[in-house]
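This is run.cif (mmCIF, C-alpha atoms).
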```cif
data_my_file
#
loop_
_atom_site.label_atom_id
_atom_site.label_comp_id
_atom_site.auth_asym_id
_atom_site.auth_seq_id
_atom_site.Cartn_x
_atom_site.Cartn_y
_atom_site.Cartn_z
CA ARG W 140 -4.05 -14.94 -3.62
CA GLN W 141 -7.56 -16.30 -3.15
CA ARG W 142 -9.15 -13.11 -4.43
CA PRO W 143 -9.41 -12.31 -8.16
CA TRP W 144 -7.16 -9.27 -7.63
CA PHE W 145 -4.13 -11.56 -7.89
CA ARG W 146 -4.50 -12.91 -11.37
CA ASP W 147 -2.05 -12.83 -14.22
CA VAL W 148 -2.10 -9.37 -15.75
CA ASP W 149 -0.35 -7.71 -18.66
CA SER W 150 0.93 -4.77 -16.61
CA ALA W 151 1.04 -3.86 -12.92
CA LEU W 152 2.19 -0.90 -10.81
CA ASP W 153 3.23 -1.08 -7.16
CA LEU W 154 2.76 2.39 -5.63
CA GLY W 155 5.04 2.93 -2.64
CA ALA W 156 6.94 -0.23 -3.46
CA GLY W 157 9.70 0.21 -0.91
CA THR W 158 12.17 -2.67 -1.19
CA GLY W 159 9.74 -4.74 -3.25
CA LEU W 160 7.85 -7.07 -0.91
CA LEU W 161 4.82 -7.30 -3.22
CA THR W 162 6.55 -6.15 -6.39
CA LEU W 163 8.74 -9.24 -6.43
CA GLU W 164 5.80 -11.54 -5.64
CA MET W 165 3.75 -10.13 -8.51
CA ALA W 166 6.51 -9.75 -11.11
CA PRO W 167 6.37 -13.38 -12.34
CA HIS W 168 2.63 -12.90 -13.06
CA CYS W 169 3.03 -9.74 -15.16
CA ARG W 170 4.47 -9.05 -18.58
CA GLU W 171 5.35 -5.56 -17.34
CA MET W 172 5.96 -4.82 -13.62
CA THR W 173 6.67 -1.25 -12.47
CA ALA W 174 7.57 -0.10 -8.97
CA VAL W 175 7.23 3.52 -7.85
CA ASP W 176 8.70 4.88 -4.63
CA VAL W 177 10.02 8.32 -3.65
CA SER W 178 13.06 6.72 -2.01
CA THR W 179 15.88 6.01 -4.45
CA GLY W 180 17.60 3.98 -1.72
CA MET W 181 14.61 1.66 -1.41
CA LEU W 182 14.43 1.31 -5.20
CA ASP W 183 18.15 0.44 -5.32
CA ILE W 184 17.48 -2.45 -2.91
CA LEU W 185 14.43 -3.52 -4.93
CA ARG W 186 16.44 -3.55 -8.18
CA ALA W 187 19.20 -5.64 -6.56
CA LYS W 188 16.64 -8.16 -5.29
CA ALA W 189 14.94 -8.33 -8.68
CA GLU W 190 18.28 -8.89 -10.43
CA ALA W 191 19.22 -11.64 -7.96
CA GLN W 192 15.88 -13.35 -8.71
CA ARG W 193 16.24 -12.69 -12.45
CA LEU W 194 13.01 -10.67 -12.52
CA GLN W 195 12.32 -7.76 -14.86
CA VAL W 196 11.05 -4.74 -12.91
CA SER W 197 10.99 -1.11 -14.05
CA THR W 198 11.34 1.55 -11.37
CA ALA W 199 10.47 5.24 -11.05
CA THR W 200 10.46 7.85 -8.31
CA ALA W 201 7.34 9.64 -9.59
CA LEU W 202 4.11 8.79 -11.37
CA GLU W 203 4.92 11.30 -14.13
CA HIS W 204 7.36 8.72 -15.48
CA VAL W 205 4.89 5.84 -15.84
CA GLY W 206 1.91 5.04 -18.06
CA ARG W 207 -1.31 3.06 -17.61
CA PHE W 208 -1.70 -0.37 -16.03
CA ASP W 209 -4.12 -3.28 -15.73
CA LEU W 210 -3.46 -3.55 -11.99
CA ILE W 211 -2.29 -0.92 -9.53
CA PHE W 212 -1.67 -1.95 -5.95
CA SER W 213 -0.36 -0.23 -2.85
CA LEU W 214 0.55 -1.85 0.47
CA LEU W 215 0.80 0.42 3.53
CA ALA W 216 1.93 3.41 1.48
CA LEU W 217 -1.15 5.63 1.19
CA HIS W 218 -0.98 6.82 4.81
CA HIS W 219 2.38 8.41 3.88
CA ILE W 220 0.73 10.59 1.19
CA ALA W 221 -0.67 13.96 2.33
CA ASP W 222 -3.65 14.07 -0.06
CA ALA W 223 -4.46 10.39 -0.29
CA GLY W 224 -7.86 11.01 -1.89
CA ALA W 225 -6.30 13.05 -4.71
CA MET W 226 -3.75 10.27 -5.24
CA VAL W 227 -6.50 7.68 -5.63
CA GLU W 228 -8.33 9.97 -8.08
CA ARG W 229 -5.11 10.41 -10.06
CA LEU W 230 -4.44 6.68 -10.19
CA LEU W 231 -7.99 5.97 -11.39
CA ALA W 232 -8.07 8.78 -13.96
CA HIS W 233 -4.56 8.68 -15.38
CA HIS W 234 -2.84 5.40 -14.62
CA LEU W 235 -5.47 2.64 -14.59
CA ARG W 236 -6.57 1.20 -17.91
CA PRO W 237 -10.32 0.79 -18.56
CA GLY W 238 -11.38 -2.42 -16.84
CA GLY W 239 -8.20 -2.37 -14.74
CA ARG W 240 -8.21 -2.86 -10.98
CA LEU W 241 -6.92 -0.64 -8.16
CA LEU W 242 -6.13 -2.42 -4.88
CA ILE W 243 -5.18 -0.54 -1.73
CA VAL W 244 -4.17 -2.18 1.54
CA ASP W 245 -3.57 0.25 4.38
CA LEU W 246 -4.38 1.07 7.98
CA LEU W 247 -7.94 1.48 9.17
CA ARG W 248 -8.32 4.31 11.69
CA THR W 249 -8.59 2.69 15.12
CA ALA W 250 -7.87 3.82 18.68
CA ASN W 251 -4.36 2.31 18.67
CA VAL W 252 -3.28 2.95 15.07
CA ARG W 253 -0.79 5.65 16.18
CA ARG W 254 1.36 2.90 17.72
CA PHE W 255 1.79 1.21 14.33
CA HIS W 256 4.77 3.56 13.91
CA LYS W 257 7.54 4.23 16.42
CA ALA W 258 6.77 6.79 19.12
CA SER W 259 9.62 8.91 17.73
CA GLU W 260 8.01 9.03 14.27
CA LYS W 261 5.70 12.01 14.13
CA LEU W 262 2.52 12.62 12.16
CA GLY W 263 3.32 15.09 9.38
CA GLU W 264 7.00 14.16 9.36
CA HIS W 265 7.30 10.39 8.88
CA TYR W 266 3.71 9.72 7.85
CA GLU W 267 0.59 11.76 7.04
CA HIS W 268 -2.42 9.83 8.40
CA ASP W 269 -3.25 7.73 11.46
CA GLY W 270 -5.20 5.34 9.28
CA PHE W 271 -8.36 6.07 7.32
CA PRO W 272 -12.03 5.73 8.30
CA GLU W 273 -13.97 3.17 6.26
CA GLU W 274 -16.35 5.84 4.90
CA GLN W 275 -13.42 7.80 3.44
CA VAL W 276 -11.98 4.71 1.79
CA ARG W 277 -15.36 3.84 0.28
CA SER W 278 -15.71 7.39 -1.07
CA TRP W 279 -12.43 7.04 -2.99
CA PHE W 280 -13.94 4.16 -4.95
CA ALA W 281 -17.42 5.66 -5.48
CA ALA W 282 -16.95 5.91 -9.25
CA CYS W 283 -15.54 2.40 -9.57
CA GLY W 284 -17.27 -0.71 -10.67
CA ASP W 285 -16.94 -4.07 -8.95
CA PHE W 286 -16.00 -2.54 -5.57
CA ASP W 287 -14.78 -4.88 -2.85
CA TYR W 288 -13.89 -4.04 0.76
CA ALA W 289 -12.58 -6.24 3.56
CA GLU W 290 -10.85 -5.79 6.90
CA ILE W 291 -8.10 -7.99 8.29
CA LYS W 292 -6.69 -7.98 11.80
CA GLU W 293 -2.92 -8.31 11.94
CA ARG W 294 -0.53 -8.45 14.89
CA LYS W 295 2.69 -6.44 14.83
CA ARG W 296 5.53 -6.14 17.29
CA LEU W 297 5.31 -2.86 19.19
CA ALA W 298 8.32 -0.59 18.63
CA GLU W 299 10.74 -0.51 21.59
CA ASP W 300 10.35 3.24 22.18
CA TRP W 301 6.68 2.78 23.12
CA ARG W 302 7.74 0.92 26.27
CA SER W 303 9.26 4.14 27.61
CA HIS W 304 5.80 5.66 27.13
CA GLY W 305 4.21 3.08 29.42
CA PHE W 306 3.08 0.45 26.91
CA PRO W 307 4.28 -2.93 28.21
CA ALA W 308 2.76 -5.02 25.40
CA GLU W 309 5.08 -6.90 23.06
CA GLU W 310 2.56 -6.86 20.21
CA GLU W 311 -0.57 -5.05 19.23
CA GLU W 312 -3.36 -5.88 16.85
CA TYR W 313 -4.06 -3.48 13.99
CA VAL W 314 -6.79 -3.49 11.38
CA LEU W 315 -5.89 -3.29 7.73
CA PHE W 316 -8.43 -2.56 5.03
CA LEU W 317 -8.34 -4.05 1.57
CA ALA W 318 -10.24 -1.89 -0.91
CA SER W 319 -10.47 -2.70 -4.57
CA GLY W 320 -12.38 -1.41 -7.55
CA CYS W 321 -12.32 -1.52 -11.32
CA ALA W 322 -11.99 1.42 -13.66
CA ARG W 323 -15.04 1.90 -15.84
#
```

Before we go any further, please render this structure as structure tokens.
Amino acid sequence: RQRPWFRDVDSALDLGAGTGLLTLEMAPHCREMTAVDVSTGMLDILRAKAEAQRLQVSTATALEHVGRFDLIFSLLALHHIADAGAMVERLLAHHLRPGGRLLIVDLLRTANVRRFHKASEKLGEHYEHDGFPEEQVRSWFAACGDFDYAEIKERKRLAEDWRSHGFPAEEEEYVLFLASGCAR
């Protein structure tokens, strides 16, 4: 909330919204809030939460059903998308208004990033990428103006099934990147 990314905007899109963690935080600051997720079950939960909070949120299961926005954000969803670079290009070209901002928060590729997910969740089945290298993230935003990049270390409880693989730690530290740029 200290960065200019979180300002009142006319319209915003949450890509990979899940049950609405950020969608519901941002909705009061937007005239039009839209959440996209491939899971109809997650969107059902999001809609119920929004209704309980008396918030107006539109939902969709695909980008084909949405227009253009002043702000597009995605929290820990891009590593679930096979061609993440093509998705960023699509968002910038077809869904972000001129002068709008794209904000992505996801996993940086590190030695331990595989353990962010449960041991039973396999690459290519549950998720598509073990994080992203900084250079790749920067390349996605090469055509953007006002680019901003930061890294944040976060601790997360290690999934129980990792203990059976010899990892005694209760928690591990992961690095998230925050990348943001404006459409020209």

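Picked by the PyMOL selection byres ((chain W and resi 196) around 9) from the coordinates shown: W:Thr162, W:Leu163, W:Ala166, W:Glu171, W:Met172, W:Thr173, W:Ala174, W:Leu185, W:Arg186, W:Ala189, W:Glu190, W:Leu194, W:Gln195, W:Ser197, W:Thr198.
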
Hey, can you pull every residue with an atom no more than 6 Å from (-9.8, 4.4, -7.3), using all atoms listed in the file, and send it as an mmCIF file with C-alpha atoms, in the coordinates of the input?
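New file selection20.cif:
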```cif
data_model
loop_
_atom_site.group_PDB
_atom_site.id
_atom_site.type_symbol
_atom_site.label_atom_id
_atom_site.label_comp_id
_atom_site.auth_asym_id
_atom_site.auth_seq_id
_atom_site.Cartn_x
_atom_site.Cartn_y
_atom_site.Cartn_z
ATOM 1 C CA VAL W 227 -6.500 7.680 -5.630
ATOM 2 C CA GLU W 228 -8.330 9.970 -8.080
ATOM 3 C CA LEU W 231 -7.990 5.970 -11.390
ATOM 4 C CA LEU W 241 -6.920 -0.640 -8.160
ATOM 5 C CA TRP W 279 -12.430 7.040 -2.990
ATOM 6 C CA PHE W 280 -13.940 4.160 -4.950
#
```

Exercise for the section: Might you spell out which residues the PyMOL selection byres ((chain W and resi 243) around 6) would select in the displayed file, as a PyMOL selection string? Expected result: chain W and resi 212-213+242+244+317-318

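Separating CA of Asp209 in chain W from CA of Glu267 in chain W is a distance of 27.7 Å.
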
Handout entry: Within 12 Å of Ser303 in chain W using all atoms listed in the file, minus same-chain residues under 4 positions, as a PyMOL selection string
Key = chain W and resi 257-259+297-299+307-308

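Atom pair CA of His234 in chain W / CA of Lys188 in chain W: separated by 25.5 Å.
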
Considering all atoms listed in the file, return as a CSV table (one decimal) with C-alpha atoms, in the frame of the given file whatever protein or nucleic-acid residues lie within 12 Å of Leu215 in chain W, sequence-local ones (same chain, fewer than 3 positions apart) excluded.
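Here's the written file result-v6.csv:
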```csv
chain,number,residue,atom,x,y,z
W,153,ASP,CA,3.2,-1.1,-7.2
W,154,LEU,CA,2.8,2.4,-5.6
W,155,GLY,CA,5.0,2.9,-2.6
W,156,ALA,CA,6.9,-0.2,-3.5
W,157,GLY,CA,9.7,0.2,-0.9
W,160,LEU,CA,7.8,-7.1,-0.9
W,161,LEU,CA,4.8,-7.3,-3.2
W,212,PHE,CA,-1.7,-2.0,-6.0
W,218,HIS,CA,-1.0,6.8,4.8
W,219,HIS,CA,2.4,8.4,3.9
W,220,ILE,CA,0.7,10.6,1.2
W,223,ALA,CA,-4.5,10.4,-0.3
W,242,LEU,CA,-6.1,-2.4,-4.9
W,243,ILE,CA,-5.2,-0.5,-1.7
W,244,VAL,CA,-4.2,-2.2,1.5
W,245,ASP,CA,-3.6,0.2,4.4
W,246,LEU,CA,-4.4,1.1,8.0
W,247,LEU,CA,-7.9,1.5,9.2
W,255,PHE,CA,1.8,1.2,14.3
W,256,HIS,CA,4.8,3.6,13.9
W,266,TYR,CA,3.7,9.7,7.8
W,267,GLU,CA,0.6,11.8,7.0
W,268,HIS,CA,-2.4,9.8,8.4
W,269,ASP,CA,-3.2,7.7,11.5
W,270,GLY,CA,-5.2,5.3,9.3
W,271,PHE,CA,-8.4,6.1,7.3
W,314,VAL,CA,-6.8,-3.5,11.4
W,315,LEU,CA,-5.9,-3.3,7.7
W,316,PHE,CA,-8.4,-2.6,5.0
W,317,LEU,CA,-8.3,-4.0,1.6
```

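Nearest residue to Ala282 in chain W among W:Arg253, W:His265, W:Arg323, W:Arg302 is W:Arg323, counting all atoms listed in the file.
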
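Reported to one decimal place, the separation of CA of Ile291 in chain W from CA of Arg254 in chain W is 17.2 Å.
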
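Of the residues under consideration (W:Arg193, W:Lys292, W:Arg240, W:His204), W:Arg240 shows the shortest atom-to-atom contact distance to Ser150 in chain W when counting all atoms listed in the file.
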
If the PyMOL selection byres ((chain W and resi 239) around 7) is run on the structure shown, which residues does it catch, given as a short mmCIF file (atom, residue, chain, number, x, y, z; two decimals) with C-alpha atoms, keeping the file's coordinate frame?
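Output (selection_20.cif):
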```
data_model
loop_
_atom_site.label_atom_id
_atom_site.label_comp_id
_atom_site.auth_asym_id
_atom_site.auth_seq_id
_atom_site.Cartn_x
_atom_site.Cartn_y
_atom_site.Cartn_z
CA PHE W 208 -1.70 -0.37 -16.03
CA ASP W 209 -4.12 -3.28 -15.73
CA LEU W 210 -3.46 -3.55 -11.99
CA LEU W 235 -5.47 2.64 -14.59
CA ARG W 236 -6.57 1.20 -17.91
CA PRO W 237 -10.32 0.79 -18.56
CA GLY W 238 -11.38 -2.42 -16.84
CA ARG W 240 -8.21 -2.86 -10.98
CA LEU W 241 -6.92 -0.64 -8.16
CA CYS W 321 -12.32 -1.52 -11.32
CA ALA W 322 -11.99 1.42 -13.66
#
```

Final N, CA, C and O atoms of range 164-190 of chain W as a compact mmCIF listing (two decimals), in the frame of the given file:
```txt
# COMPACT_ATOMS: atom_id res chain seq x y z
N GLU W 164 6.79 -10.44 -5.62
CA GLU W 164 5.80 -11.54 -5.64
C GLU W 164 4.96 -11.50 -6.91
O GLU W 164 4.61 -12.52 -7.45
N MET W 165 4.63 -10.28 -7.35
CA MET W 165 3.75 -10.13 -8.51
C MET W 165 4.49 -10.19 -9.84
O MET W 165 3.89 -10.55 -10.86
N ALA W 166 5.77 -9.84 -9.85
CA ALA W 166 6.51 -9.75 -11.11
C ALA W 166 6.41 -11.00 -12.00
O ALA W 166 6.23 -10.85 -13.22
N PRO W 167 6.47 -12.20 -11.46
CA PRO W 167 6.37 -13.38 -12.34
C PRO W 167 4.99 -13.52 -13.01
O PRO W 167 4.86 -14.27 -13.98
N HIS W 168 3.99 -12.79 -12.53
CA HIS W 168 2.63 -12.90 -13.06
C HIS W 168 2.28 -11.75 -14.00
O HIS W 168 1.13 -11.61 -14.40
N CYS W 169 3.26 -10.92 -14.32
CA CYS W 169 3.03 -9.74 -15.16
C CYS W 169 4.03 -9.71 -16.31
O CYS W 169 5.20 -10.01 -16.13
N ARG W 170 3.55 -9.29 -17.47
CA ARG W 170 4.47 -9.05 -18.58
C ARG W 170 5.31 -7.82 -18.28
O ARG W 170 6.50 -7.77 -18.58
N GLU W 171 4.68 -6.82 -17.67
CA GLU W 171 5.35 -5.56 -17.34
C GLU W 171 5.07 -5.21 -15.88
O GLU W 171 3.93 -4.97 -15.51
N MET W 172 6.10 -5.17 -15.04
CA MET W 172 5.96 -4.82 -13.62
C MET W 172 6.73 -3.53 -13.37
O MET W 172 7.90 -3.43 -13.71
N THR W 173 6.04 -2.54 -12.77
CA THR W 173 6.67 -1.25 -12.47
C THR W 173 6.51 -0.95 -10.99
O THR W 173 5.43 -1.14 -10.43
N ALA W 174 7.58 -0.47 -10.39
CA ALA W 174 7.57 -0.10 -8.97
C ALA W 174 7.86 1.40 -8.86
O ALA W 174 8.81 1.89 -9.45
N VAL W 175 7.02 2.10 -8.08
CA VAL W 175 7.23 3.52 -7.85
C VAL W 175 7.43 3.74 -6.36
O VAL W 175 6.65 3.23 -5.54
N ASP W 176 8.46 4.49 -6.02
CA ASP W 176 8.70 4.88 -4.63
C ASP W 176 9.52 6.18 -4.65
O ASP W 176 10.36 6.35 -5.53
N VAL W 177 9.27 7.06 -3.69
CA VAL W 177 10.02 8.32 -3.65
C VAL W 177 11.45 8.11 -3.17
O VAL W 177 12.30 8.97 -3.38
N SER W 178 11.73 6.99 -2.55
CA SER W 178 13.06 6.72 -2.01
C SER W 178 13.93 5.99 -3.04
O SER W 178 13.68 4.82 -3.35
N THR W 179 14.96 6.66 -3.52
CA THR W 179 15.88 6.01 -4.45
C THR W 179 16.65 4.88 -3.76
O THR W 179 16.96 3.87 -4.39
N GLY W 180 16.91 5.03 -2.46
CA GLY W 180 17.60 3.98 -1.72
C GLY W 180 16.78 2.70 -1.67
O GLY W 180 17.32 1.59 -1.84
N MET W 181 15.50 2.83 -1.42
CA MET W 181 14.61 1.66 -1.41
C MET W 181 14.57 1.01 -2.79
O MET W 181 14.63 -0.21 -2.92
N LEU W 182 14.47 1.85 -3.83
CA LEU W 182 14.43 1.31 -5.20
C LEU W 182 15.74 0.62 -5.58
O LEU W 182 15.73 -0.37 -6.31
N ASP W 183 16.86 1.11 -5.07
CA ASP W 183 18.15 0.44 -5.32
C ASP W 183 18.12 -0.98 -4.75
O ASP W 183 18.57 -1.93 -5.39
N ILE W 184 17.59 -1.12 -3.54
CA ILE W 184 17.48 -2.45 -2.91
C ILE W 184 16.54 -3.33 -3.71
O ILE W 184 16.83 -4.50 -3.98
N LEU W 185 15.40 -2.77 -4.12
CA LEU W 185 14.43 -3.52 -4.93
C LEU W 185 15.08 -4.02 -6.22
O LEU W 185 14.94 -5.20 -6.58
N ARG W 186 15.79 -3.15 -6.92
CA ARG W 186 16.44 -3.55 -8.18
C ARG W 186 17.46 -4.67 -7.94
O ARG W 186 17.55 -5.61 -8.74
N ALA W 187 18.22 -4.59 -6.87
CA ALA W 187 19.20 -5.64 -6.56
C ALA W 187 18.50 -6.97 -6.29
O ALA W 187 18.95 -8.03 -6.75
N LYS W 188 17.41 -6.93 -5.55
CA LYS W 188 16.64 -8.16 -5.29
C LYS W 188 16.08 -8.74 -6.58
O LYS W 188 16.12 -9.96 -6.79
N ALA W 189 15.53 -7.87 -7.42
CA ALA W 189 14.94 -8.33 -8.68
C ALA W 189 16.01 -8.97 -9.57
O ALA W 189 15.78 -10.03 -10.16
N GLU W 190 17.18 -8.35 -9.62
CA GLU W 190 18.28 -8.89 -10.43
C GLU W 190 18.71 -10.25 -9.89
O GLU W 190 18.93 -11.19 -10.65
```
